[in-house]
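File shown here: query-v5.txt, holding compact mmCIF, C-alpha atoms.
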# COMPACT_ATOMS: atom_id res chain seq x y z
CA GLY A 202 0.00 0.00 0.00
CA PRO A 203 1.01 3.68 -0.09
CA TRP A 204 1.91 3.66 3.56
CA ARG A 205 5.04 1.60 3.51
CA ALA A 206 6.29 2.49 7.01
CA ALA A 207 5.89 -0.27 9.56
CA THR A 208 2.97 0.22 11.95
CA GLY A 209 3.92 -2.49 14.42
CA SER A 210 1.22 -3.32 16.96
CA ASN A 211 0.11 0.29 17.34
CA PRO A 212 -3.58 0.56 16.30
CA ILE A 213 -3.45 4.37 16.36
CA ARG A 214 -0.94 4.93 13.55
CA PRO A 215 -2.93 3.43 10.63
CA ARG A 216 -6.00 5.50 11.51
CA ILE A 217 -3.94 8.68 11.78
CA LEU A 218 -2.29 8.01 8.42
CA VAL A 219 -5.67 7.59 6.74
CA GLN A 220 -6.90 10.86 8.27
CA LEU A 221 -3.78 12.71 7.19
CA ARG A 222 -3.89 11.30 3.68
CA LEU A 223 -7.53 12.30 3.24
CA ALA A 224 -6.66 15.77 4.52
CA SER A 225 -3.94 16.08 1.87
CA VAL A 226 -6.11 15.28 -1.15
CA PRO A 227 -6.68 18.51 -3.13
CA LEU A 228 -10.26 19.74 -2.91
CA LYS A 229 -11.52 22.62 -5.05
CA SER A 230 -13.62 24.00 -2.20
CA GLU A 231 -10.72 24.24 0.25
CA GLY A 232 -7.59 26.35 0.38
CA VAL A 233 -4.16 24.75 0.54
CA PHE A 234 -3.28 26.35 3.85
CA MET A 235 -6.60 25.31 5.40
CA ARG A 236 -5.77 21.66 4.68
CA GLU A 237 -2.22 22.06 5.99
CA ARG A 238 -3.43 23.67 9.22
CA TYR A 239 -5.71 20.67 9.70
CA ILE A 240 -2.82 18.28 9.08
CA ARG A 241 -0.68 20.21 11.58
CA THR A 242 -3.45 20.00 14.19
CA LEU A 243 -3.71 16.25 13.67
CA MET A 244 0.05 15.82 13.97
CA GLU A 245 0.13 17.75 17.24
CA THR A 246 -2.28 15.21 18.73
CA ILE A 247 -0.25 12.17 17.65
CA GLU A 248 1.39 10.23 20.46
CA PRO A 249 5.22 10.17 20.31
CA ARG A 250 5.15 6.42 19.61
CA ALA A 251 2.98 7.06 16.56
CA ARG A 252 5.04 9.89 15.06
CA LEU A 253 5.28 9.85 11.29
CA ALA A 254 8.31 8.79 9.29
CA ASP A 255 9.87 10.55 6.30
CA SER A 256 8.05 8.22 3.91
CA ASP A 257 4.69 9.13 5.49
CA VAL A 258 5.22 12.88 5.11
CA ILE A 259 6.54 12.50 1.56
CA GLU A 260 3.38 10.57 0.72
CA LEU A 261 1.23 13.31 2.24
CA TRP A 262 3.04 15.88 0.14
CA LEU A 263 2.69 13.79 -3.02
CA CYS A 264 -1.06 13.47 -2.42
CA ARG A 265 -1.33 17.23 -3.05
CA GLN A 266 -0.24 16.72 -6.67
CA ARG A 267 -3.13 15.93 -9.03
CA SER A 268 -1.04 14.45 -11.83
CA PRO A 269 0.19 10.84 -11.40
CA LEU A 270 3.19 11.72 -13.57
CA THR A 271 4.08 14.67 -11.33
CA ARG A 272 3.79 12.47 -8.24
CA SER A 273 6.10 9.89 -9.81
CA VAL A 274 8.72 12.49 -10.78
CA TYR A 275 8.63 14.26 -7.40
CA GLN A 276 8.93 10.96 -5.57
CA ARG A 277 12.05 10.20 -7.59
CA ASP A 278 13.44 13.66 -6.79
CA LEU A 279 12.98 13.22 -3.03
CA GLY A 280 14.44 9.72 -3.23
CA ARG A 281 17.52 11.17 -4.91
CA LEU A 282 17.90 13.63 -2.03
CA LEU A 283 17.56 10.95 0.66
CA ARG A 284 20.15 8.74 -1.03
CA SER A 285 22.55 11.65 -1.36
CA THR A 286 22.43 12.88 2.24
CA SER A 287 21.87 9.55 4.07
CA ARG A 288 19.98 11.58 6.68
CA THR A 289 16.37 11.76 7.76
CA LEU A 290 14.57 14.85 6.52
CA PRO A 291 14.37 16.53 9.97
CA GLU A 292 18.14 16.01 10.27
CA THR A 293 18.84 17.53 6.85
CA GLY A 294 20.32 21.00 7.02
CA ALA A 295 21.00 23.85 4.62
CA LEU A 296 24.59 22.69 4.07
CA ASP A 297 23.35 19.21 3.13
CA LEU A 298 21.06 20.74 0.52
CA GLU A 299 23.85 22.90 -0.92
CA ARG A 300 26.04 19.81 -1.25
CA PHE A 301 23.14 18.01 -2.90
CA ALA A 302 22.75 20.86 -5.40
CA ASP A 303 26.49 20.71 -6.16
CA ALA A 304 26.25 16.94 -6.65
CA LEU A 305 23.37 17.42 -9.11
CA ALA A 306 25.41 19.97 -11.05
CA GLY A 307 28.25 17.48 -11.42
CA SER A 308 26.05 14.49 -12.20
CA GLY A 309 25.47 15.27 -15.86
CA LEU A 310 21.77 15.86 -15.25
CA ALA A 311 20.29 18.47 -17.61
CA PRO A 312 20.06 21.95 -16.06
CA ILE A 313 16.28 21.99 -16.41
CA SER A 314 16.08 18.66 -14.54
CA GLN A 315 18.38 19.98 -11.83
CA GLY A 316 16.08 22.97 -11.42
CA ARG A 317 12.97 20.81 -11.24
CA THR A 318 14.57 18.54 -8.62
CA LEU A 319 15.60 21.46 -6.41
CA ALA A 320 12.20 23.12 -6.86
CA ALA A 321 10.57 19.90 -5.67
CA VAL A 322 12.88 19.83 -2.63
CA ARG A 323 11.99 23.43 -1.78
CA SER A 324 8.29 22.69 -2.16
CA PHE A 325 8.52 19.66 0.11
CA PHE A 326 10.35 21.47 2.90
CA ARG A 327 7.85 24.35 2.82
CA PHE A 328 5.06 21.80 3.21
CA ALA A 329 6.89 19.89 5.95
CA GLU A 330 7.42 23.07 7.95
CA ARG A 331 3.81 24.20 7.56
CA ILE A 332 2.47 20.93 8.95
CA GLY A 333 4.97 20.98 11.80
CA TYR A 334 7.11 18.01 10.74
CA CYS A 335 10.47 19.76 10.47
CA ARG A 336 12.04 23.15 9.86
CA ASN A 337 12.43 24.46 6.32
CA ALA A 338 16.09 23.82 5.55
CA ALA A 339 15.59 24.90 1.92
CA VAL A 340 14.85 28.58 2.60
CA GLY A 341 18.12 29.73 1.04
CA LEU A 342 18.35 27.07 -1.65
CA GLU A 343 18.66 28.75 -5.04
CA LEU A 344 17.64 27.23 -8.37
CA PRO A 345 20.20 27.10 -11.18
CA ARG A 346 19.79 29.62 -13.95
CA THR A 347 19.05 28.03 -17.31
CA GLU A 348 18.98 29.43 -20.81
CA SER A 349 15.78 28.98 -22.76
CA ALA A 350 16.17 26.30 -25.42
CA LEU A 351 12.64 26.62 -26.79
CA SER A 352 13.81 27.74 -30.22
CA GLU A 353 15.90 24.57 -30.54
CA ARG A 354 12.80 22.40 -30.03
CA ILE A 355 10.52 24.10 -32.56
CA ILE A 356 9.87 21.91 -35.59
CA PRO A 357 9.48 23.75 -38.93
CA GLN A 358 5.89 23.84 -40.18
CA GLU A 359 6.74 21.97 -43.36
CA ASP A 360 8.31 19.14 -41.35
CA VAL A 361 5.17 18.88 -39.21
CA ARG A 362 2.95 18.71 -42.29
CA ARG A 363 5.17 16.05 -43.81
CA MET A 364 5.09 13.99 -40.62
CA ILE A 365 1.28 14.13 -40.53
CA GLU A 366 0.96 13.24 -44.22
CA LEU A 367 3.28 10.24 -43.86
CA GLU A 368 1.28 8.75 -40.95
CA PRO A 369 -0.66 5.81 -42.47
CA ASP A 370 -3.30 5.50 -39.73
CA GLU A 371 -6.19 7.95 -40.09
CA ARG A 372 -6.87 8.26 -36.36
CA ASN A 373 -3.20 8.97 -35.66
CA ARG A 374 -3.10 11.61 -38.41
CA VAL A 375 -6.07 13.39 -36.84
CA LEU A 376 -4.49 13.14 -33.39
CA LEU A 377 -1.25 14.69 -34.66
CA SER A 378 -3.23 17.46 -36.36
CA VAL A 379 -5.11 18.25 -33.13
CA LEU A 380 -1.89 18.22 -31.09
CA TYR A 381 -0.27 20.67 -33.48
CA ALA A 382 -3.25 22.95 -34.13
CA ALA A 383 -4.20 23.25 -30.45
CA GLY A 384 -0.69 23.18 -28.98
CA LEU A 385 -1.62 20.43 -26.54
CA ARG A 386 0.56 18.48 -24.16
CA VAL A 387 0.43 14.73 -24.79
CA SER A 388 -1.23 14.22 -21.39
CA GLU A 389 -3.90 16.79 -22.29
CA ALA A 390 -4.67 15.04 -25.58
CA CYS A 391 -4.88 11.67 -23.81
CA GLY A 392 -7.39 13.15 -21.35
CA LEU A 393 -9.76 14.46 -24.03
CA ARG A 394 -13.32 13.11 -24.15
CA TRP A 395 -16.00 13.75 -26.74
CA ARG A 396 -17.92 15.79 -24.17
CA ASN A 397 -14.97 18.24 -24.22
CA LEU A 398 -15.54 19.00 -27.92
CA GLN A 399 -18.17 21.33 -29.32
CA ALA A 400 -18.99 22.54 -32.83
CA ARG A 401 -18.83 26.26 -33.65
CA GLY A 402 -20.24 26.64 -37.15
CA ASP A 403 -17.91 24.82 -39.51
CA ALA A 404 -15.12 24.96 -36.90
CA GLY A 405 -14.98 23.67 -33.33
CA GLN A 406 -13.64 24.18 -29.85
CA ILE A 407 -12.18 21.92 -27.19
CA LEU A 408 -12.15 22.31 -23.42
CA ILE A 409 -8.76 21.36 -21.98
CA HIS A 410 -8.14 20.36 -18.37
CA GLY A 411 -4.48 21.22 -17.95
CA LYS A 412 -1.81 21.21 -15.26
CA GLY A 413 -2.77 22.30 -11.78
CA GLY A 414 -6.48 21.81 -12.46
CA ARG A 415 -6.59 24.81 -14.81
CA THR A 416 -8.97 24.75 -17.78
CA ARG A 417 -8.85 26.60 -21.07
CA VAL A 418 -10.85 26.69 -24.30
CA ILE A 419 -9.05 26.32 -27.64
CA LEU A 420 -10.60 26.95 -31.05
CA LEU A 421 -9.93 24.43 -33.81
CA PRO A 422 -9.83 25.62 -37.44
CA PRO A 423 -12.41 24.18 -39.86
CA GLY A 424 -9.83 21.95 -41.55
CA VAL A 425 -8.88 20.17 -38.32
CA TRP A 426 -12.44 20.05 -36.99
CA GLY A 427 -13.61 18.55 -40.27
CA GLN A 428 -11.15 15.66 -39.77
CA LEU A 429 -11.94 15.17 -36.09
CA ALA A 430 -15.76 15.27 -35.98
CA PRO A 431 -16.33 12.21 -38.25
CA LEU A 432 -14.29 10.03 -35.88
CA LYS A 433 -16.91 10.27 -33.12
CA GLY A 434 -18.12 6.82 -32.26
CA THR A 435 -15.20 5.08 -33.94
CA ALA A 436 -12.33 6.16 -31.70
CA GLY A 437 -11.64 6.71 -28.03
CA LEU A 438 -10.33 10.26 -28.38
Have the structure of the file written as structure tokens, please.
Amino acid sequence: GPWRAATGSNPIRPRILVQLRLASVPLKSEGVFMRERYIRTLMETIEPRARLADSDVIELWLCRQRSPLTRSVYQRDLGRLLRSTSRTLPETGALDLERFADALAGSGLAPISQGRTLAAVRSFFRFAERIGYCRNAAVGLELPRTESALSERIIPQEDVRRMIELEPDERNRVLLSVLYAAGLRVSEACGLRWRNLQARGDAGQILIHGKGGRTRVILLPPGVWGQLAPLKGTAGL
């Protein structure tokens, strides 16, 4: 299960973990800090023999992330930190984090990945301090500066058209066209349902549920909508 820490014969700990995990699940009607104050209150009532372990608090923090992919990446980032310092999180200090940042810089990891890892560490320690688990040792931890490489990743329009034309499967051609015309992330395209699509004259629009629970509406040109609409009922898009 998600709670991998041993509970022993203590009947209190499993119940507390369930309460804390439910309190960490993002709810649209509640503010982040309201949930964290509740978690802190619960933790203050926990008996010393039932105190949480690092793995428990990491799991609570991960529960705040809506995306399974984000949870997986952040879990890997925190695991990298724990392996590097060989300390518990309450024992980890600012110097340990600076050494960890230096180790990342010399590991060959891409600068953008280094920044994401350190940003995850900072986010975790802010959360851990707010719920009363440990002090925020990452207050002074700076993220590496990175140059934007967006221009290097832009595919020329003619190459995109050629790629779409060479795709033999009709459904895949339409999917590529929608990805390009709407500028979607792969995860956003995979999450599309027919109820998210609506005709607008000879064109159409799609409702996208993006990162962080944000939604946006994107208009599709008539050419792309004309390819997409006939697939209804024959594909799972």
What does the distance from CA of Leu270 (chain A) to CA of Met364 (chain A) come to in Å, to one decimal?
27.2 Å
Exercise on region 403-416 of chain A, axis-aligned box with 8 Å per side, report centre and edge lengths in Å to one decimal, as lines of an AutoDock Vina configuration file:
center_x = -9.9
center_y = 22.7
center_z = -25.6
size_x = 32.1
size_y = 20.6
size_z = 43.7
Across A:Tyr381, A:Glu371, A:Gly424, A:Ser256, the smallest distance to Leu279 (chain A), with all atoms listed in the file counted, is shown by A:Ser256
Using all atoms listed in the file - which residues lie no farther than 12 Å from the point (-3.6, 12.3, -23.0) in the file's frame? Write them as a PyMOL selection string.
chain A and resi 268+270+376+379-380+385-394+409-412+437-438
What separation in Å, quoted to one decimal, exists between CA of Ala338 (chain A) and CA of Gly414 (chain A)?
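These atoms are spaced 28.9 Å apart.
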Can you pull out the residues contacting region 296-310 of chain A? Cut-off 10 Å, using all atoms listed in the file, and skip same-chain residues under 6 positions away; I want them as a PyMOL selection string.
chain A and resi 281-288+316+318-319+322-323+338-339+341-345
Please indicate the distance in Å from CA of Trp262 (chain A) to CA of Val274 (chain A), rounded to one decimal place.
12.8 Å
Name the closest residue to Ala404 (chain A) among the candidates A:Val418, A:Ala383, A:Val425, A:Ala295; distances are taken between atoms, counting all atoms listed in the file.
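Residue with the minimum atom-to-atom distance to Ala404 (chain A): A:Val425.
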Set the distance at 12 Å and use all atoms listed in the file: which residues neighbour Gln406 (chain A) once local chain neighbours fewer than 5 positions away are removed? I'd like the list as a count of residues only.
23
Since the input has fewer atoms than a full residue there, write region 402-421 of chain A out with N, CA, C and O atoms, as a short mmCIF file (atom, residue, chain, number, x, y, z; two decimals), keeping the file's coordinate frame.
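Result file is selection.cif:
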data_model
loop_
_atom_site.label_atom_id
_atom_site.label_comp_id
_atom_site.auth_asym_id
_atom_site.auth_seq_id
_atom_site.Cartn_x
_atom_site.Cartn_y
_atom_site.Cartn_z
N GLY A 402 -20.09 26.46 -35.70
CA GLY A 402 -20.24 26.64 -37.15
C GLY A 402 -19.53 25.51 -37.86
O GLY A 402 -19.72 24.33 -37.55
N ASP A 403 -18.67 25.86 -38.82
CA ASP A 403 -17.91 24.82 -39.51
C ASP A 403 -16.58 24.53 -38.82
O ASP A 403 -15.80 23.69 -39.28
N ALA A 404 -16.32 25.21 -37.70
CA ALA A 404 -15.12 24.96 -36.90
C ALA A 404 -15.54 24.29 -35.59
O ALA A 404 -16.64 23.76 -35.47
N GLY A 405 -14.65 24.29 -34.61
CA GLY A 405 -14.98 23.67 -33.33
C GLY A 405 -14.13 24.22 -32.21
O GLY A 405 -13.22 25.03 -32.43
N GLN A 406 -14.44 23.78 -31.01
CA GLN A 406 -13.64 24.18 -29.85
C GLN A 406 -13.49 22.98 -28.92
O GLN A 406 -14.32 22.07 -28.92
N ILE A 407 -12.41 22.98 -28.15
CA ILE A 407 -12.18 21.92 -27.19
C ILE A 407 -11.88 22.54 -25.82
O ILE A 407 -11.24 23.59 -25.72
N LEU A 408 -12.39 21.89 -24.79
CA LEU A 408 -12.15 22.31 -23.42
C LEU A 408 -11.02 21.44 -22.85
O LEU A 408 -11.14 20.21 -22.80
N ILE A 409 -9.93 22.08 -22.44
CA ILE A 409 -8.76 21.36 -21.98
C ILE A 409 -8.63 21.50 -20.47
O ILE A 409 -8.71 22.60 -19.92
N HIS A 410 -8.43 20.37 -19.80
CA HIS A 410 -8.14 20.36 -18.37
C HIS A 410 -6.63 20.17 -18.24
O HIS A 410 -6.11 19.07 -18.43
N GLY A 411 -5.94 21.25 -17.94
CA GLY A 411 -4.48 21.22 -17.95
C GLY A 411 -3.85 21.02 -16.59
O GLY A 411 -4.49 20.57 -15.63
N LYS A 412 -2.56 21.38 -16.50
CA LYS A 412 -1.81 21.21 -15.26
C LYS A 412 -2.39 22.07 -14.15
O LYS A 412 -2.87 23.17 -14.38
N GLY A 413 -2.31 21.54 -12.93
CA GLY A 413 -2.77 22.30 -11.78
C GLY A 413 -4.27 22.49 -11.73
O GLY A 413 -4.75 23.38 -11.03
N GLY A 414 -5.03 21.68 -12.47
CA GLY A 414 -6.48 21.81 -12.46
C GLY A 414 -7.01 22.98 -13.26
O GLY A 414 -8.21 23.29 -13.20
N ARG A 415 -6.15 23.66 -14.02
CA ARG A 415 -6.59 24.81 -14.81
C ARG A 415 -7.26 24.34 -16.11
O ARG A 415 -6.84 23.36 -16.71
N THR A 416 -8.26 25.07 -16.53
CA THR A 416 -8.97 24.75 -17.78
C THR A 416 -8.82 25.90 -18.76
O THR A 416 -8.67 27.06 -18.36
N ARG A 417 -8.88 25.57 -20.04
CA ARG A 417 -8.85 26.60 -21.07
C ARG A 417 -9.61 26.09 -22.29
O ARG A 417 -9.78 24.88 -22.48
N VAL A 418 -10.10 27.02 -23.08
CA VAL A 418 -10.85 26.69 -24.30
C VAL A 418 -9.99 27.05 -25.50
O VAL A 418 -9.42 28.14 -25.57
N ILE A 419 -9.87 26.11 -26.44
CA ILE A 419 -9.05 26.32 -27.64
C ILE A 419 -9.94 26.12 -28.88
O ILE A 419 -10.69 25.14 -28.96
N LEU A 420 -9.84 27.05 -29.80
CA LEU A 420 -10.60 26.95 -31.05
C LEU A 420 -9.82 26.12 -32.06
O LEU A 420 -8.61 26.29 -32.22
N LEU A 421 -10.53 25.24 -32.75
CA LEU A 421 -9.93 24.43 -33.81
C LEU A 421 -10.37 24.97 -35.16
O LEU A 421 -11.56 25.24 -35.36
#
